[in-house]
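Structure file entry_6.cif (mmCIF, C-alpha atoms) follows.
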```
data_structure
#
loop_
_atom_site.group_PDB
_atom_site.id
_atom_site.type_symbol
_atom_site.label_atom_id
_atom_site.label_comp_id
_atom_site.auth_asym_id
_atom_site.auth_seq_id
_atom_site.Cartn_x
_atom_site.Cartn_y
_atom_site.Cartn_z
ATOM 1 C CA MET A 1 -66.694 -56.402 94.401
ATOM 2 C CA GLU A 2 -63.313 -55.667 96.075
ATOM 3 C CA LYS A 3 -61.477 -56.819 92.961
ATOM 4 C CA ASN A 4 -63.515 -54.432 90.769
ATOM 5 C CA ILE A 5 -62.650 -51.493 93.057
ATOM 6 C CA ASN A 6 -58.957 -52.385 92.947
ATOM 7 C CA VAL A 7 -59.010 -52.726 89.139
ATOM 8 C CA LYS A 8 -60.865 -49.430 88.777
ATOM 9 C CA ASN A 9 -58.389 -47.634 91.077
ATOM 10 C CA HIS A 10 -55.458 -49.194 89.221
ATOM 11 C CA ILE A 11 -56.830 -47.942 85.900
ATOM 12 C CA ILE A 12 -57.221 -44.452 87.415
ATOM 13 C CA GLU A 13 -53.630 -44.490 88.735
ATOM 14 C CA VAL A 14 -52.229 -45.587 85.370
ATOM 15 C CA THR A 15 -54.284 -42.999 83.488
ATOM 16 C CA THR A 16 -53.122 -40.264 85.857
ATOM 17 C CA GLU A 17 -49.502 -41.226 85.141
ATOM 18 C CA LEU A 18 -50.176 -41.081 81.402
ATOM 19 C CA ILE A 19 -51.825 -37.657 81.692
ATOM 20 C CA GLU A 20 -48.696 -36.349 83.414
ATOM 21 C CA GLN A 21 -46.394 -38.143 80.966
ATOM 22 C CA TYR A 22 -48.195 -36.623 77.968
ATOM 23 C CA ASN A 23 -48.340 -33.146 79.553
ATOM 24 C CA GLY A 24 -52.137 -33.135 79.562
ATOM 25 C CA ASN A 25 -52.440 -33.906 75.836
ATOM 26 C CA THR A 26 -55.215 -36.382 76.417
ATOM 27 C CA LYS A 27 -55.886 -36.738 72.685
ATOM 28 C CA ASP A 28 -52.517 -38.520 72.474
ATOM 29 C CA ILE A 29 -53.613 -41.072 75.074
ATOM 30 C CA THR A 30 -55.700 -43.925 73.739
ATOM 31 C CA ALA A 31 -57.879 -46.344 75.643
ATOM 32 C CA ARG A 32 -55.678 -49.121 74.247
ATOM 33 C CA MET A 33 -52.572 -47.459 75.762
ATOM 34 C CA ILE A 34 -54.298 -47.226 79.134
ATOM 35 C CA ALA A 35 -55.408 -50.864 78.975
ATOM 36 C CA GLU A 36 -51.926 -52.071 78.018
ATOM 37 C CA LYS A 37 -50.170 -50.059 80.712
ATOM 38 C CA ALA A 38 -52.744 -51.161 83.318
ATOM 39 C CA ASP A 39 -52.503 -54.752 82.068
ATOM 40 C CA VAL A 40 -56.280 -55.039 81.730
ATOM 41 C CA GLY A 41 -58.625 -55.777 78.867
ATOM 42 C CA LEU A 42 -59.851 -52.821 76.839
ATOM 43 C CA GLY A 43 -63.441 -53.713 77.744
ATOM 44 C CA LEU A 44 -62.784 -53.007 81.425
ATOM 45 C CA ILE A 45 -62.236 -49.335 80.686
ATOM 46 C CA ASN A 46 -65.657 -49.097 79.075
ATOM 47 C CA TYR A 47 -67.185 -51.277 81.790
ATOM 48 C CA HIS A 48 -65.912 -49.102 84.653
ATOM 49 C CA PHE A 49 -65.973 -45.656 83.023
ATOM 50 C CA GLY A 50 -68.066 -45.769 79.851
ATOM 51 C CA SER A 51 -65.391 -44.000 77.801
ATOM 52 C CA LYS A 52 -61.813 -42.772 77.831
ATOM 53 C CA GLU A 53 -63.072 -39.212 78.271
ATOM 54 C CA SER A 54 -65.070 -40.148 81.380
ATOM 55 C CA LEU A 55 -62.022 -41.936 82.801
ATOM 56 C CA ILE A 56 -59.792 -38.913 82.229
ATOM 57 C CA THR A 57 -62.396 -36.611 83.759
ATOM 58 C CA GLU A 58 -62.596 -38.810 86.853
ATOM 59 C CA CYS A 59 -58.790 -38.878 87.172
ATOM 60 C CA VAL A 60 -58.520 -35.125 86.999
ATOM 61 C CA GLN A 61 -61.461 -34.616 89.390
ATOM 62 C CA ARG A 62 -59.823 -36.865 91.980
ATOM 63 C CA ILE A 63 -56.445 -35.195 91.717
ATOM 64 C CA ILE A 64 -57.697 -31.635 91.930
ATOM 65 C CA GLY A 65 -60.311 -32.515 94.542
ATOM 66 C CA LYS A 66 -57.569 -33.685 96.871
ATOM 67 C CA VAL A 67 -55.626 -30.434 96.582
ATOM 68 C CA VAL A 68 -58.034 -28.248 98.515
ATOM 69 C CA THR A 69 -59.211 -30.947 100.929
ATOM 70 C CA GLU A 70 -55.676 -32.061 101.770
ATOM 71 C CA PHE A 71 -54.439 -28.559 102.525
ATOM 72 C CA GLN A 72 -53.299 -28.838 106.105
ATOM 73 C CA MET A 73 -53.399 -25.676 108.115
ATOM 74 C CA THR A 74 -50.747 -26.628 110.614
ATOM 75 C CA GLU A 75 -50.313 -23.000 111.551
ATOM 76 C CA GLN A 76 -52.877 -20.974 113.405
ATOM 77 C CA TYR A 77 -54.025 -17.955 111.471
ATOM 78 C CA GLU A 78 -55.363 -14.920 113.245
ATOM 79 C CA THR A 79 -57.369 -13.640 110.301
ATOM 80 C CA ASP A 80 -59.398 -15.029 107.448
ATOM 81 C CA LYS A 81 -57.163 -13.083 105.087
ATOM 82 C CA GLU A 82 -54.029 -14.881 106.344
ATOM 83 C CA ARG A 83 -55.747 -18.268 106.224
ATOM 84 C CA LEU A 84 -57.143 -17.731 102.726
ATOM 85 C CA THR A 85 -53.831 -16.393 101.434
ATOM 86 C CA ALA A 86 -52.055 -19.533 102.666
ATOM 87 C CA CYS A 87 -54.677 -21.875 101.190
ATOM 88 C CA SER A 88 -54.817 -20.007 97.872
ATOM 89 C CA THR A 89 -51.035 -19.942 97.562
ATOM 90 C CA TYR A 90 -50.964 -23.697 98.136
ATOM 91 C CA VAL A 91 -53.549 -24.271 95.380
ATOM 92 C CA PHE A 92 -51.888 -21.791 93.000
ATOM 93 C CA ASN A 93 -48.524 -23.518 93.456
ATOM 94 C CA PHE A 94 -50.190 -26.852 92.695
ATOM 95 C CA LEU A 95 -51.409 -25.482 89.352
ATOM 96 C CA PHE A 96 -47.860 -24.666 88.284
ATOM 97 C CA GLU A 97 -46.320 -27.816 89.766
ATOM 98 C CA HIS A 98 -48.866 -29.982 87.881
ATOM 99 C CA PRO A 99 -49.583 -27.962 84.755
ATOM 100 C CA ALA A 100 -50.874 -30.823 82.597
ATOM 101 C CA ILE A 101 -53.544 -31.955 85.016
ATOM 102 C CA SER A 102 -54.411 -28.376 85.972
ATOM 103 C CA ARG A 103 -54.890 -27.325 82.359
ATOM 104 C CA VAL A 104 -57.152 -30.320 81.643
ATOM 105 C CA SER A 105 -59.204 -29.554 84.754
ATOM 106 C CA ILE A 106 -59.620 -25.826 84.155
ATOM 107 C CA LEU A 107 -60.405 -26.132 80.449
ATOM 108 C CA GLY A 108 -62.836 -28.969 81.156
ATOM 109 C CA ASP A 109 -64.599 -26.867 83.780
ATOM 110 C CA LEU A 110 -64.832 -23.900 81.432
ATOM 111 C CA GLN A 111 -66.530 -26.129 78.852
ATOM 112 C CA ASN A 112 -68.857 -27.773 81.363
ATOM 113 C CA TYR A 113 -69.203 -25.642 84.490
ATOM 114 C CA THR A 114 -71.349 -27.475 87.052
ATOM 115 C CA LYS A 115 -71.811 -27.278 90.810
ATOM 116 C CA ASN A 116 -69.617 -30.388 91.206
ATOM 117 C CA CYS A 117 -66.786 -29.403 88.864
ATOM 118 C CA ASN A 118 -63.307 -28.798 90.249
ATOM 119 C CA SER A 119 -63.640 -25.022 90.012
ATOM 120 C CA ALA A 120 -66.828 -25.000 92.087
ATOM 121 C CA LEU A 121 -65.337 -27.449 94.597
ATOM 122 C CA THR A 122 -62.241 -25.247 94.888
ATOM 123 C CA GLN A 123 -64.471 -22.274 95.616
ATOM 124 C CA GLN A 124 -66.241 -24.267 98.330
ATOM 125 C CA GLY A 125 -62.859 -25.183 99.807
ATOM 126 C CA PHE A 126 -61.790 -21.547 99.848
ATOM 127 C CA SER A 127 -65.046 -20.670 101.625
ATOM 128 C CA LEU A 128 -63.921 -22.838 104.534
ATOM 129 C CA SER A 129 -61.029 -20.419 105.074
ATOM 130 C CA LEU A 130 -63.481 -17.561 105.536
ATOM 131 C CA LYS A 131 -64.689 -18.029 109.073
ATOM 132 C CA LYS A 132 -65.821 -14.561 110.191
ATOM 133 C CA GLU A 133 -64.606 -11.613 108.117
ATOM 134 C CA ILE A 134 -66.713 -12.184 104.977
ATOM 135 C CA SER A 135 -70.474 -12.636 105.226
ATOM 136 C CA ASN A 136 -72.039 -15.898 104.080
ATOM 137 C CA LYS A 137 -73.896 -13.876 101.446
ATOM 138 C CA ASP A 138 -70.606 -12.600 99.969
ATOM 139 C CA LYS A 139 -68.533 -15.801 100.213
ATOM 140 C CA PRO A 140 -69.705 -17.292 96.892
ATOM 141 C CA ILE A 141 -68.847 -14.227 94.785
ATOM 142 C CA PHE A 142 -65.613 -13.681 96.706
ATOM 143 C CA THR A 143 -64.370 -17.230 96.113
ATOM 144 C CA PHE A 144 -65.652 -17.250 92.525
ATOM 145 C CA ILE A 145 -63.606 -14.140 91.676
ATOM 146 C CA LEU A 146 -60.541 -15.513 93.473
ATOM 147 C CA THR A 147 -60.706 -18.854 91.653
ATOM 148 C CA ALA A 148 -61.340 -17.252 88.247
ATOM 149 C CA ALA A 149 -58.409 -14.847 88.706
ATOM 150 C CA MET A 150 -56.122 -17.734 89.664
ATOM 151 C CA GLN A 151 -57.225 -19.805 86.661
ATOM 152 C CA ALA A 152 -56.853 -16.921 84.199
ATOM 153 C CA ALA A 153 -53.377 -16.138 85.565
ATOM 154 C CA PHE A 154 -52.370 -19.796 85.254
ATOM 155 C CA LEU A 155 -53.696 -20.232 81.710
ATOM 156 C CA GLY A 156 -52.254 -16.912 80.551
ATOM 157 C CA SER A 157 -49.078 -16.818 82.621
ATOM 158 C CA GLU A 158 -46.930 -15.418 79.795
ATOM 159 C CA THR A 159 -49.351 -12.574 79.174
ATOM 160 C CA VAL A 160 -49.666 -11.923 82.914
ATOM 161 C CA LYS A 161 -45.893 -11.598 83.040
ATOM 162 C CA GLN A 162 -46.004 -8.947 80.305
ATOM 163 C CA LEU A 163 -49.021 -7.085 81.664
ATOM 164 C CA LEU A 164 -48.553 -7.331 85.424
ATOM 165 C CA GLY A 165 -44.889 -8.242 85.845
ATOM 166 C CA TYR A 166 -45.408 -11.483 87.777
ATOM 167 C CA ASP A 167 -43.122 -14.338 86.694
ATOM 168 C CA PHE A 168 -44.998 -17.434 87.796
ATOM 169 C CA THR A 169 -41.971 -19.662 87.279
ATOM 170 C CA LYS A 170 -40.865 -18.112 90.604
ATOM 171 C CA THR A 171 -42.709 -19.216 93.731
ATOM 172 C CA GLU A 172 -42.206 -15.787 95.313
ATOM 173 C CA ASP A 173 -44.028 -14.128 92.392
ATOM 174 C CA ARG A 174 -46.877 -16.628 92.709
ATOM 175 C CA ALA A 175 -47.127 -15.832 96.423
ATOM 176 C CA ALA A 176 -46.997 -12.080 95.732
ATOM 177 C CA TYR A 177 -49.782 -12.355 93.144
ATOM 178 C CA ILE A 178 -52.051 -14.295 95.509
ATOM 179 C CA SER A 179 -51.319 -11.911 98.375
ATOM 180 C CA LYS A 180 -52.189 -8.901 96.208
ATOM 181 C CA LEU A 181 -55.313 -10.585 94.823
ATOM 182 C CA VAL A 182 -56.629 -11.574 98.267
ATOM 183 C CA THR A 183 -55.876 -8.090 99.629
ATOM 184 C CA ILE A 184 -57.810 -6.430 96.792
ATOM 185 C CA LEU A 185 -60.753 -8.782 97.294
ATOM 186 C CA PHE A 186 -60.847 -8.193 101.060
ATOM 187 C CA GLU A 187 -60.661 -4.434 100.592
ATOM 188 C CA GLY A 188 -63.487 -4.571 98.061
ATOM 189 C CA MET A 189 -65.726 -6.606 100.340
ATOM 190 C CA VAL A 190 -65.046 -4.459 103.400
ATOM 191 C CA HIS A 191 -65.852 -1.254 101.493
ATOM 192 C CA ASN A 192 -69.077 -2.755 100.121
ATOM 193 C CA GLU A 193 -70.554 -3.563 103.521
#
```

Render the structure in this file as structure tokens.
Amino acid sequence: MEKNINVKNHIIEVTTELIEQYNGNTKDITARMIAEKADVGLGLINYHFGSKESLITECVQRIIGKVVTEFQMTEQYETDKERLTACSTYVFNFLFEHPAISRVSILGDLQNYTKNCNSALTQQGFSLSLKKEISNKDKPIFTFILTAAMQAAFLGSETVKQLLGYDFTKTEDRAAYISKLVTILFEGMVHNE
């Protein structure tokens, strides 16, 4: 049993490296390539994951899932707005620092949006930053809008630069975008109550 877990994790690690190496072009990655790089038989990929696509999905889910859960709030934040801005900026920076994996994740979620997809899990993570200023009733729509606006900005960063003037190759522009977005969302929720 332990050996199977180690083999499975090794295959995931190797596949993750290949996804990064091929800039998220998963069609260029074959199951045979994964098996050779992992030094395992091709049958083990099907045994553990069923298909290359399932393996890639699991890799991306693990990577993105860690982003929100590993965000360490070492600072104390006085407001939900400050806390959420910090968490959202961290996630937004991750998207641009790992564009291949982020693109695969977002596009996969858009094609198959479920309650356990990375987008929904990100929204749940953002909800944890909202401790008292946004009602429980409003948290889901608030975090849904925030996540969707971050994803659209990431996928269309060149157009966002032309339309809104944010250059997401610069971390300060990413931070400014998130700050503005969170501010607008907070103002909208406060005025609605």

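Minimum distance to His98 in chain A across A:Ile64, A:Leu44, A:Leu110, A:Ile12 (counting only C-alpha atoms) occurs at A:Ile64.
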
- [ ] Determine, counting all atoms listed in the file, which protein, DNA and RNA residues have an atom within 10 Å of an atom of Lys37 in chain A; residues of the same chain fewer than 3 positions away are not included. Present the result as a VMD selection string.
- [x] chain A and resid 11 14 to 15 17 to 18 31 to 34 40

Report as a Markdown table the residues of range 3-113 of chain A within 9 Å of range 119-127 of chain A, each with its shortest atom pair and distance in Å (one decimal), using all atoms listed in the file, ordered by chain and increasing residue number.
```
| residue | atom | partner | partner_atom | distance |
| --- | --- | --- | --- | --- |
| A:Ile64 | CA | A:Thr122 | CA | 8.4 |
| A:Gly65 | CA | A:Leu121 | CA | 7.1 |
| A:Val67 | CA | A:Thr122 | CA | 8.6 |
| A:Val68 | CA | A:Gly125 | CA | 5.9 |
| A:Thr69 | CA | A:Gly125 | CA | 6.9 |
| A:Leu84 | CA | A:Phe126 | CA | 6.7 |
| A:Cys87 | CA | A:Phe126 | CA | 7.2 |
| A:Ser88 | CA | A:Phe126 | CA | 7.4 |
| A:Val91 | CA | A:Thr122 | CA | 8.8 |
| A:Ser105 | CA | A:Ser119 | CA | 8.2 |
| A:Ile106 | CA | A:Ser119 | CA | 7.1 |
| A:Asp109 | CA | A:Ser119 | CA | 6.6 |
| A:Leu110 | CA | A:Ser119 | CA | 8.7 |
| A:Tyr113 | CA | A:Ser119 | CA | 7.9 |
```

Task: Minimum-distance residue to Asp167 in chain A, chosen among A:Phe94, A:Tyr77, A:Phe154, A:Phe144 (using only C-alpha atoms) - done: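 Result for the nearest residue to Asp167 in chain A: A:Phe154.
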
Task: Gap from CA of Val160 in chain A to CA of Asn118 in chain A - Å, one decimal - done: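 Taking CA of Val160 in chain A and CA of Asn118 in chain A, their separation equals 22.9 Å.
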
Task: Using all atoms listed in the file: which of A:Leu107, A:Leu155, A:Leu163, A:Ala148 has the shortest distance to Val60 in chain A - done: A:Leu107

Please determine an axis-aligned box that encloses all atoms of range 22-41 of chain A listed in the file, with 3 Å added on each side, and express its centre and edge lengths in Å to one decimal as JSON.
```
{"center_x": -53.4, "center_y": -44.5, "center_z": 77.9, "size_x": 16.4, "size_y": 28.6, "size_z": 16.8}
```

Task: Atomic separation - CA of Ile101 in chain A relative to CA of Gly24 in chain A, Å - done: 5.8 Å

TODO: May I have the residues within 12 Å of Lys8 in chain A as a ChimeraX atom specification, using only C-alpha atoms and disregarding those fewer than 6 positions away in the same chain?
DONE: /A:1-2,14-15,34-35,38-41,44-49,55,58-59

Task: Distance in Å - CA of Thr79 in chain A versus CA of Asp138 in chain A - done: 16.8 Å

Open item on the list: Using all atoms listed in the file, can you tell me which of A:Asn9, A:Thr30, A:Thr183, A:Ser157 comes closest to Phe92 in chain A?
Closed with: A:Ser157

Task: Residues in the PyMOL selection byres ((chain A and resi 93) around 12), expressed as a PyMOL selection string - done: chain A and resi 67-68+71+85-92+94-99+102+150-151+153-154+168-178
